[in-house]
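Shown next: data05.cif, containing mmCIF, C-alpha atoms.
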data_run
#
loop_
_atom_site.label_atom_id
_atom_site.label_comp_id
_atom_site.auth_asym_id
_atom_site.auth_seq_id
_atom_site.Cartn_x
_atom_site.Cartn_y
_atom_site.Cartn_z
CA LEU A 1 203.20 114.65 80.40
CA ILE A 2 204.69 112.70 77.49
CA VAL A 3 208.16 113.17 78.98
CA ILE A 4 206.91 112.03 82.39
CA ALA A 5 205.32 108.95 80.81
CA ALA A 6 208.62 108.05 79.17
CA MET A 7 210.44 108.42 82.50
CA LEU A 8 208.08 106.28 84.56
CA PRO A 9 209.64 102.89 83.67
CA VAL A 10 213.05 104.29 84.62
CA VAL A 11 211.72 105.68 87.90
CA ARG A 12 210.06 102.39 88.77
CA ASN A 13 213.26 100.47 88.09
CA LEU A 14 215.11 102.75 90.53
CA LEU A 15 212.65 102.01 93.32
CA THR A 16 213.12 99.18 95.77
CA ARG A 17 210.41 96.54 95.87
CA GLY A 18 209.04 98.10 99.06
CA GLN A 19 208.99 101.56 97.55
CA ARG A 20 207.17 100.25 94.47
CA SER A 21 204.56 98.72 96.77
CA ILE A 22 204.17 102.01 98.62
CA LEU A 23 203.91 103.87 95.32
CA ALA A 24 201.24 101.49 94.05
CA ALA A 25 199.29 101.87 97.28
CA ALA A 26 199.64 105.63 97.12
CA CYS A 27 198.32 105.60 93.57
CA HIS A 28 195.20 103.82 94.77
CA GLY A 29 194.86 106.08 97.81
CA SER A 30 195.28 103.21 100.29
CA VAL A 31 198.36 104.41 102.14
CA VAL A 32 199.19 107.52 104.17
CA LEU A 33 202.81 108.41 104.88
CA ASP A 34 203.29 110.38 108.11
CA SER A 35 206.07 112.91 108.51
CA GLN A 36 208.17 110.68 110.79
CA ALA A 37 208.10 107.75 108.37
CA SER A 38 208.92 110.06 105.50
CA ALA A 39 211.87 111.48 107.35
CA ALA A 40 213.19 108.04 108.22
CA THR A 41 212.95 106.66 104.70
CA PRO A 42 213.42 108.31 101.28
CA THR A 43 209.71 108.13 100.42
CA SER A 44 208.52 111.69 101.03
CA TRP A 45 208.34 112.25 97.28
CA LEU A 46 206.21 109.18 96.61
CA PRO A 47 202.76 110.77 97.05
CA ALA A 48 203.64 113.48 94.55
CA LEU A 49 204.95 110.92 92.09
CA ALA A 50 201.89 108.77 92.66
CA GLN A 51 199.72 111.72 91.71
CA LEU A 52 201.64 111.98 88.43
CA VAL A 53 201.28 108.26 87.76
CA ARG A 54 197.56 108.22 88.48
CA GLY A 55 195.58 109.87 85.73
CA LEU A 56 198.47 110.26 83.30
CA LYS A 57 197.08 110.89 79.82
CA LYS A 58 198.10 111.35 76.20
CA PRO A 59 196.24 112.46 73.06
CA ALA A 60 194.23 109.79 71.26
CA GLN A 61 196.25 110.33 68.09
CA GLN A 62 199.39 109.13 69.94
CA VAL A 63 197.84 105.88 71.18
CA ARG A 64 199.11 102.73 69.47
CA ALA A 65 198.27 99.02 69.44
CA GLY A 66 199.68 97.37 72.57
CA ASP A 67 199.25 100.44 74.79
CA LEU A 68 197.51 99.95 78.13
CA VAL A 69 194.78 102.46 78.87
CA GLN A 70 192.26 102.93 81.63
CA ARG A 71 188.52 103.45 81.12
CA ASP A 72 186.17 103.88 84.07
CA GLY A 73 188.87 102.63 86.43
CA ARG A 74 189.47 99.39 84.49
CA PRO A 75 192.64 98.55 82.51
CA PHE A 76 192.35 97.78 78.79
CA ARG A 77 194.86 96.78 76.12
CA VAL A 78 194.62 98.52 72.76
CA ALA A 79 194.29 95.62 70.30
CA ARG A 80 193.95 97.80 67.21
CA PHE A 81 194.43 101.47 66.37
CA HIS A 82 192.81 102.91 63.25
CA TRP A 83 193.13 106.52 62.09
CA MET A 84 190.14 107.83 60.12
CA HIS A 85 190.59 110.98 58.03
CA GLY A 86 187.89 113.63 58.22
CA GLN A 87 186.00 114.95 55.24
CA ALA A 88 186.53 118.48 53.89
CA ARG A 89 187.60 120.65 56.84
CA ALA A 90 186.40 118.23 59.47
CA ALA A 91 189.11 116.84 61.71
CA GLY A 92 189.78 113.13 61.63
CA PHE A 93 189.27 110.72 64.48
CA VAL A 94 190.72 107.47 65.81
CA SER A 95 189.02 104.17 66.45
CA LEU A 96 190.36 101.96 69.24
CA ASP A 97 189.60 98.25 69.64
CA LEU A 98 190.01 97.54 73.36
CA VAL A 99 190.37 94.31 75.35
CA ASP A 100 189.36 94.31 79.02
CA LEU A 101 192.39 92.88 80.84
CA ALA A 102 190.24 91.46 83.63
CA SER A 103 187.44 89.79 81.67
CA GLY A 104 188.83 89.55 78.14
CA ALA A 105 185.73 91.28 76.79
CA ARG A 106 186.22 93.39 73.67
CA THR A 107 184.85 96.81 72.93
CA SER A 108 185.55 99.68 70.55
CA GLU A 109 185.70 103.41 71.02
CA LYS A 110 185.79 106.36 68.63
CA LEU A 111 187.71 109.46 69.76
CA ARG A 112 188.69 112.83 68.37
CA LEU A 113 192.39 113.30 67.67
CA ASP A 114 192.91 115.61 70.64
CA ASP A 115 190.80 113.64 73.13
CA GLN A 116 192.89 112.68 76.16
CA VAL A 117 193.23 108.96 76.92
CA GLU A 118 194.14 107.90 80.46
CA LEU A 119 197.01 105.44 80.71
CA ALA A 120 196.54 102.36 82.89
CA ASP A 121 198.34 102.34 86.24
CA VAL A 122 200.50 99.25 85.76
CA ASP A 123 203.97 98.14 86.82
CA THR A 124 206.04 97.32 83.72
CA LYS A 125 209.38 95.51 83.82
CA ASP A 126 211.75 94.03 81.26
CA MET A 127 211.92 90.23 81.42
CA GLN A 128 213.90 87.69 79.42
CA ILE A 129 212.14 84.83 77.68
CA LEU A 130 213.41 81.49 78.99
CA TYR A 131 211.36 79.14 76.84
CA GLN A 132 207.91 78.43 75.44
CA ASP A 133 206.33 75.20 76.67
CA GLU A 134 204.26 72.68 74.72
CA ALA A 135 201.04 74.48 75.62
CA GLY A 136 202.41 77.69 74.12
CA ASN A 137 202.83 79.48 77.45
CA VAL A 138 205.85 81.78 77.64
CA HIS A 139 208.17 81.46 80.66
CA VAL A 140 210.02 84.68 81.49
CA MET A 141 212.44 85.88 84.17
CA ASP A 142 213.41 89.25 85.62
CA GLY A 143 217.18 89.46 85.15
CA THR A 144 217.59 91.58 88.31
CA SER A 145 215.37 89.88 90.88
CA TYR A 146 215.27 86.46 89.14
CA GLU A 147 211.51 86.53 89.60
CA GLN A 148 209.78 84.27 87.07
CA ALA A 149 206.34 84.38 85.50
CA VAL A 150 204.33 82.32 83.02
CA LEU A 151 202.53 84.30 80.33
CA ALA A 152 199.75 83.25 78.00
CA PRO A 153 200.78 83.97 74.38
CA GLU A 154 197.61 86.06 73.95
CA LEU A 155 199.14 88.71 76.23
CA PHE A 156 201.53 89.60 73.37
CA GLY A 157 198.76 90.32 70.86
CA GLU A 158 200.08 90.40 67.29
CA GLY A 159 203.62 90.51 68.70
CA ARG A 160 203.47 86.82 69.64
CA ARG A 161 204.64 85.84 66.16
CA TRP A 162 208.11 87.14 67.13
CA LEU A 163 208.50 84.93 70.20
CA ALA A 164 210.83 82.62 68.29
CA ALA A 165 213.45 85.37 68.05
CA PRO A 166 216.55 84.36 70.09
CA GLU A 167 217.52 86.01 73.38
CA LEU A 168 214.36 88.09 73.40
CA THR A 169 213.65 90.56 76.20
CA VAL A 170 210.03 91.65 76.50
CA ALA A 171 208.18 94.28 78.50
CA VAL A 172 205.66 92.69 80.88
CA SER A 173 202.99 94.79 82.56
CA PHE A 174 201.52 93.79 85.91
CA PHE A 175 198.22 95.00 87.35
CA GLU A 176 197.65 94.26 91.05
CA GLY A 177 200.48 91.73 90.88
CA GLU A 178 199.15 89.78 87.89
CA PRO A 179 200.65 89.90 84.36
CA VAL A 180 198.10 91.54 82.09
CA ALA A 181 200.05 92.42 78.93
CA ALA A 182 203.40 91.86 77.27
CA ARG A 183 205.15 93.58 74.39
CA VAL A 184 208.03 92.53 72.18
CA PRO A 185 210.72 95.12 71.34
CA HIS A 186 210.29 97.65 68.54
CA LYS A 187 212.86 95.71 66.51
CA VAL A 188 214.43 92.25 66.64
CA SER A 189 217.36 90.45 65.04
CA VAL A 190 216.39 87.24 63.25
CA THR A 191 218.05 84.72 60.95
CA VAL A 192 216.95 84.38 57.32
CA LEU A 193 215.87 80.77 56.78
CA ASP A 194 215.12 81.01 53.06
CA ALA A 195 215.98 83.74 50.56
CA PRO A 196 214.96 82.99 46.95
CA PRO A 197 217.02 84.49 44.11
CA ALA A 198 216.28 88.14 43.48
CA VAL A 199 214.69 89.04 40.13
CA GLU A 200 214.66 92.61 38.89
CA LYS A 201 211.14 93.85 38.27
CA ASP A 202 209.85 96.21 35.61
CA ASP A 203 210.15 99.15 37.99
CA GLY A 204 213.84 98.38 38.59
CA SER A 205 213.37 97.03 42.12
CA SER A 206 214.71 93.64 43.13
CA ALA A 207 213.41 93.26 46.68
CA ARG A 208 211.58 90.02 47.42
CA HIS A 209 210.08 88.17 50.35
CA VAL A 210 212.41 86.10 52.51
CA LEU A 211 211.47 83.70 55.30
CA VAL A 212 212.86 84.38 58.78
CA GLU A 213 212.68 82.65 62.16
CA GLY A 214 209.13 82.12 63.32
CA GLY A 215 207.97 81.49 59.75
CA ILE A 216 207.48 85.21 59.06
CA SER A 217 207.77 86.66 55.57
CA VAL A 218 209.81 89.87 55.26
CA MET A 219 210.37 92.01 52.15
CA ALA A 220 214.17 92.29 51.96
CA PRO A 221 216.74 93.74 49.51
CA ALA A 222 218.45 91.57 46.89
CA PHE A 223 221.72 91.36 48.82
CA VAL A 224 220.11 89.52 51.76
CA ARG A 225 220.96 85.80 51.62
CA THR A 226 219.96 82.64 53.47
CA GLY A 227 221.75 82.50 56.82
CA ASP A 228 222.09 86.28 57.16
CA ARG A 229 220.90 87.98 60.32
CA ILE A 230 218.71 91.00 59.73
CA VAL A 231 216.96 93.61 61.87
CA VAL A 232 213.20 93.71 61.42
CA ARG A 233 210.60 96.15 62.77
CA THR A 234 208.10 94.06 64.73
CA GLU A 235 205.11 96.33 64.16
CA ASP A 236 204.86 95.59 60.44
CA ALA A 237 207.63 93.06 59.69
CA ALA A 238 209.56 95.67 57.73
CA TYR A 239 213.26 95.14 56.93
CA MET A 240 215.49 97.72 58.62
CA ALA A 241 219.14 96.65 58.22
CA LYS A 242 221.60 93.79 58.39
CA ALA A 243 222.40 92.77 61.95
#

Please re-express this file's structure in structure tokens.
Amino acid sequence: LIVIAAMLPVVRNLLTRGQRSILAAACHGSVVLDSQASAATPTSWLPALAQLVRGLKKPAQQVRAGDLVQRDGRPFRVARFHWMHGQARAAGFVSLDLVDLASGARTSEKLRLDDQVELADVDTKDMQILYQDEAGNVHVMDGTSYEQAVLAPELFGEGRRWLAAPELTVAVSFFEGEPVAARVPHKVSVTVLDAPPAVEKDDGSSARHVLVEGGISVMAPAFVRTGDRIVVRTEDAAYMAKA
């Protein structure tokens, strides 16, 4: 199932807009494809694929902040993931802070590590950020269809602090045609705006905090200088390499 989940974005990108619509309808049980229609168009495999899409799950211990999950038929965004270790021989558990994508209401849920969490049935596509307007809304465009959308910065969760990164492509998830979540890449390339002189500490290390685009502080090695471009992991603002 994990492999299938990883393949779904690729499969969706290969579908035509009409086929994606049929697939979405099939997922919700609102379309029936007869044998003649299936023979005339390459959609005979869509009901089977729809069955895989609907109800796809993964263990709670593999859920991460930013994931979209489904509870009682409603889509939620995981705002926070916290792993709690068990005592003695007891197994640990995970705590999920969830945001209802329709109402914005927040809730929390405690699950065992091997509990299965259903993934939300959403259409996710890569879109390029065009600009951010004065109100903070993010204007994006699909590079293939040239379709544009306007996203509230809250859809990015904690990832919104990286929106100043140049030439950024983000993953936007749509539910019933409306954007409900957006995610920045796992890593981004940013310019160092200020790198103070490195001072060797008592433990022999010389890493220090540098300021990068977006006003974010990153712990970087001594050889990183002002004006350098570096690769940073967006999840925790950790330095990865020089760009």

At what distance in Å, to one decimal, does CA of Lys187 (chain A) lie from CA of Phe76 (chain A)?
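Between CA of Phe76 (chain A) and CA of Lys187 (chain A) the gap works out to 24.0 Å.
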
Residue among A:Ile216, A:Val63, A:Val172, A:Leu163 lying closest to Gln132 (chain A), counting only C-alpha atoms:
A:Leu163

As an exercise, work out the distance from CA of Asp97 (chain A) to CA of Gly73 (chain A) in Å and give it to one decimal place.
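Atom-to-atom, CA of Asp97 (chain A) and CA of Gly73 (chain A) are spaced 17.4 Å apart.
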
Reference answer for the PyMOL selection byres ((chain A and resi 96) around 9), as a PDB file with C-alpha atoms, in the frame of the given file:
ATOM      1  CA  ALA A  60     194.230 109.790  71.260  1.00  0.00           C
ATOM      2  CA  VAL A  63     197.840 105.880  71.180  1.00  0.00           C
ATOM      3  CA  ARG A  64     199.110 102.730  69.470  1.00  0.00           C
ATOM      4  CA  ALA A  65     198.270  99.020  69.440  1.00  0.00           C
ATOM      5  CA  VAL A  78     194.620  98.520  72.760  1.00  0.00           C
ATOM      6  CA  ALA A  79     194.290  95.620  70.300  1.00  0.00           C
ATOM      7  CA  ARG A  80     193.950  97.800  67.210  1.00  0.00           C
ATOM      8  CA  PHE A  81     194.430 101.470  66.370  1.00  0.00           C
ATOM      9  CA  HIS A  82     192.810 102.910  63.250  1.00  0.00           C
ATOM     10  CA  TRP A  83     193.130 106.520  62.090  1.00  0.00           C
ATOM     11  CA  VAL A  94     190.720 107.470  65.810  1.00  0.00           C
ATOM     12  CA  SER A  95     189.020 104.170  66.450  1.00  0.00           C
ATOM     13  CA  ASP A  97     189.600  98.250  69.640  1.00  0.00           C
ATOM     14  CA  LEU A  98     190.010  97.540  73.360  1.00  0.00           C
ATOM     15  CA  THR A 107     184.850  96.810  72.930  1.00  0.00           C
ATOM     16  CA  SER A 108     185.550  99.680  70.550  1.00  0.00           C
ATOM     17  CA  GLU A 109     185.700 103.410  71.020  1.00  0.00           C
ATOM     18  CA  LYS A 110     185.790 106.360  68.630  1.00  0.00           C
ATOM     19  CA  LEU A 111     187.710 109.460  69.760  1.00  0.00           C
TER      20      LEU A 111
END

Quick one: residues within 12 Å of (189.2, 89.5, 85.0) (file frame), counting all atoms listed in the file, please, as a PyMOL selection string.
chain A and resi 74-76+99-105+175-176+178-180

Keeping only C-alpha atoms, write those residues as an mmCIF file, keeping the file's coordinate frame.
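Result file result.cif:
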data_model
loop_
_atom_site.group_PDB
_atom_site.id
_atom_site.type_symbol
_atom_site.label_atom_id
_atom_site.label_comp_id
_atom_site.auth_asym_id
_atom_site.auth_seq_id
_atom_site.Cartn_x
_atom_site.Cartn_y
_atom_site.Cartn_z
ATOM 1 C CA ARG A 74 189.470 99.390 84.490
ATOM 2 C CA PRO A 75 192.640 98.550 82.510
ATOM 3 C CA PHE A 76 192.350 97.780 78.790
ATOM 4 C CA VAL A 99 190.370 94.310 75.350
ATOM 5 C CA ASP A 100 189.360 94.310 79.020
ATOM 6 C CA LEU A 101 192.390 92.880 80.840
ATOM 7 C CA ALA A 102 190.240 91.460 83.630
ATOM 8 C CA SER A 103 187.440 89.790 81.670
ATOM 9 C CA GLY A 104 188.830 89.550 78.140
ATOM 10 C CA ALA A 105 185.730 91.280 76.790
ATOM 11 C CA PHE A 175 198.220 95.000 87.350
ATOM 12 C CA GLU A 176 197.650 94.260 91.050
ATOM 13 C CA GLU A 178 199.150 89.780 87.890
ATOM 14 C CA PRO A 179 200.650 89.900 84.360
ATOM 15 C CA VAL A 180 198.100 91.540 82.090
#

Considering all atoms listed in the file, state which residue in the set A:Val190, A:Met127, A:Leu113, A:Ala195 is at the smallest distance from Ala237 (chain A).
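Of A:Val190, A:Met127, A:Leu113, A:Ala195, the one nearest Ala237 (chain A) is A:Val190, counting all atoms listed in the file.
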
Just to confirm, what's the straight-line distance from CA of Asp114 (chain A) to CA of Pro59 (chain A) in Å (one decimal)?
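Atom-to-atom, CA of Asp114 (chain A) to CA of Pro59 (chain A), that is 5.2 Å.
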
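The residue that comes closest to Phe223 (chain A), out of A:Leu168, A:Val199, A:Ala238, A:Ile129 and on the basis of all atoms listed in the file, is A:Val199.
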
Nearest to Trp162 (chain A), chosen from A:Arg77, A:Arg233, A:His209, A:Lys58, with only C-alpha atoms counted in the distances
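Residue with the minimum atom-to-atom distance to Trp162 (chain A): A:Arg233.
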
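Closest approach to Arg183 (chain A) among A:Leu68, A:Val117, A:Ala91, A:Val224 is made by A:Leu68 (distances from all atoms listed in the file).
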
Quick one: which residues end up in the PyMOL selection byres ((chain A and resi 222) around 10) for this structure, as a ChimeraX atom specification?
/A:195-200,205-210,219-221,223-225

Between A:Val218, A:Val69, A:Ala243, A:Leu130, smallest distance to Val150 (chain A) by all atoms listed in the file belongs to A:Leu130

If you apply the PyMOL selection byres ((chain A and resi 153-159) around 8) to this file, what residues do you get, as number ranges by chain?
A: 66, 79, 136-138, 151-152, 160-163, 180-184, 234-235

Give me, as a PyMOL selection string, all polymer residues having an atom no more than 8 Å from Glu167 (chain A), counting all atoms listed in the file and skipping those fewer than 2 positions away in the same chain.
chain A and resi 128-129+165+169

Counting only C-alpha atoms, write as a PyMOL selection string all protein and nucleic acid residues lying at most 10 Å from (193.6, 115.2, 82.2) in the file's frame.
chain A and resi 1+55-59+115-118

How would region 166-179 of chain A read, as a PDB file, keeping the file's coordinate frame, once N, CA, C and O atoms are built in?
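So selection35.pdb came out as:
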ATOM      1  N   PRO A 166     215.645  84.783  68.999  1.00  0.00           N
ATOM      2  CA  PRO A 166     216.550  84.360  70.090  1.00  0.00           C
ATOM      3  C   PRO A 166     216.864  85.478  71.072  1.00  0.00           C
ATOM      4  O   PRO A 166     216.871  86.655  70.706  1.00  0.00           O
ATOM      5  N   GLU A 167     217.097  85.085  72.327  1.00  0.00           N
ATOM      6  CA  GLU A 167     217.520  86.010  73.380  1.00  0.00           C
ATOM      7  C   GLU A 167     216.617  87.249  73.436  1.00  0.00           C
ATOM      8  O   GLU A 167     217.085  88.385  73.491  1.00  0.00           O
ATOM      9  N   LEU A 168     215.334  86.996  73.454  1.00  0.00           N
ATOM     10  CA  LEU A 168     214.360  88.090  73.400  1.00  0.00           C
ATOM     11  C   LEU A 168     214.028  88.593  74.794  1.00  0.00           C
ATOM     12  O   LEU A 168     213.733  87.818  75.700  1.00  0.00           O
ATOM     13  N   THR A 169     214.077  89.906  74.965  1.00  0.00           N
ATOM     14  CA  THR A 169     213.650  90.560  76.200  1.00  0.00           C
ATOM     15  C   THR A 169     212.356  91.295  75.913  1.00  0.00           C
ATOM     16  O   THR A 169     212.278  92.072  74.954  1.00  0.00           O
ATOM     17  N   VAL A 170     211.344  91.070  76.732  1.00  0.00           N
ATOM     18  CA  VAL A 170     210.030  91.650  76.500  1.00  0.00           C
ATOM     19  C   VAL A 170     209.623  92.511  77.691  1.00  0.00           C
ATOM     20  O   VAL A 170     210.124  92.338  78.802  1.00  0.00           O
ATOM     21  N   ALA A 171     208.712  93.429  77.447  1.00  0.00           N
ATOM     22  CA  ALA A 171     208.180  94.280  78.500  1.00  0.00           C
ATOM     23  C   ALA A 171     206.879  93.678  79.002  1.00  0.00           C
ATOM     24  O   ALA A 171     205.927  93.520  78.236  1.00  0.00           O
ATOM     25  N   VAL A 172     206.838  93.322  80.284  1.00  0.00           N
ATOM     26  CA  VAL A 172     205.660  92.690  80.880  1.00  0.00           C
ATOM     27  C   VAL A 172     205.020  93.674  81.850  1.00  0.00           C
ATOM     28  O   VAL A 172     205.695  94.225  82.724  1.00  0.00           O
ATOM     29  N   SER A 173     203.723  93.868  81.699  1.00  0.00           N
ATOM     30  CA  SER A 173     202.990  94.790  82.560  1.00  0.00           C
ATOM     31  C   SER A 173     202.149  94.020  83.566  1.00  0.00           C
ATOM     32  O   SER A 173     201.453  93.063  83.198  1.00  0.00           O
ATOM     33  N   PHE A 174     202.246  94.437  84.828  1.00  0.00           N
ATOM     34  CA  PHE A 174     201.520  93.790  85.910  1.00  0.00           C
ATOM     35  C   PHE A 174     200.476  94.752  86.474  1.00  0.00           C
ATOM     36  O   PHE A 174     200.750  95.940  86.669  1.00  0.00           O
ATOM     37  N   PHE A 175     199.288  94.226  86.723  1.00  0.00           N
ATOM     38  CA  PHE A 175     198.220  95.000  87.350  1.00  0.00           C
ATOM     39  C   PHE A 175     197.779  94.247  88.589  1.00  0.00           C
ATOM     40  O   PHE A 175     197.346  93.099  88.508  1.00  0.00           O
ATOM     41  N   GLU A 176     197.960  94.886  89.753  1.00  0.00           N
ATOM     42  CA  GLU A 176     197.650  94.260  91.050  1.00  0.00           C
ATOM     43  C   GLU A 176     198.365  92.921  91.178  1.00  0.00           C
ATOM     44  O   GLU A 176     197.812  91.932  91.660  1.00  0.00           O
ATOM     45  N   GLY A 177     199.633  92.890  90.713  1.00  0.00           N
ATOM     46  CA  GLY A 177     200.480  91.730  90.880  1.00  0.00           C
ATOM     47  C   GLY A 177     200.333  90.653  89.824  1.00  0.00           C
ATOM     48  O   GLY A 177     201.107  89.678  89.818  1.00  0.00           O
ATOM     49  N   GLU A 178     199.375  90.787  88.912  1.00  0.00           N
ATOM     50  CA  GLU A 178     199.150  89.780  87.890  1.00  0.00           C
ATOM     51  C   GLU A 178     199.593  90.307  86.521  1.00  0.00           C
ATOM     52  O   GLU A 178     199.334  91.465  86.186  1.00  0.00           O
ATOM     53  N   PRO A 179     200.262  89.455  85.703  1.00  0.00           N
ATOM     54  CA  PRO A 179     200.650  89.900  84.360  1.00  0.00           C
ATOM     55  C   PRO A 179     199.413  90.084  83.493  1.00  0.00           C
ATOM     56  O   PRO A 179     198.573  89.182  83.394  1.00  0.00           O
TER      57      PRO A 179
END
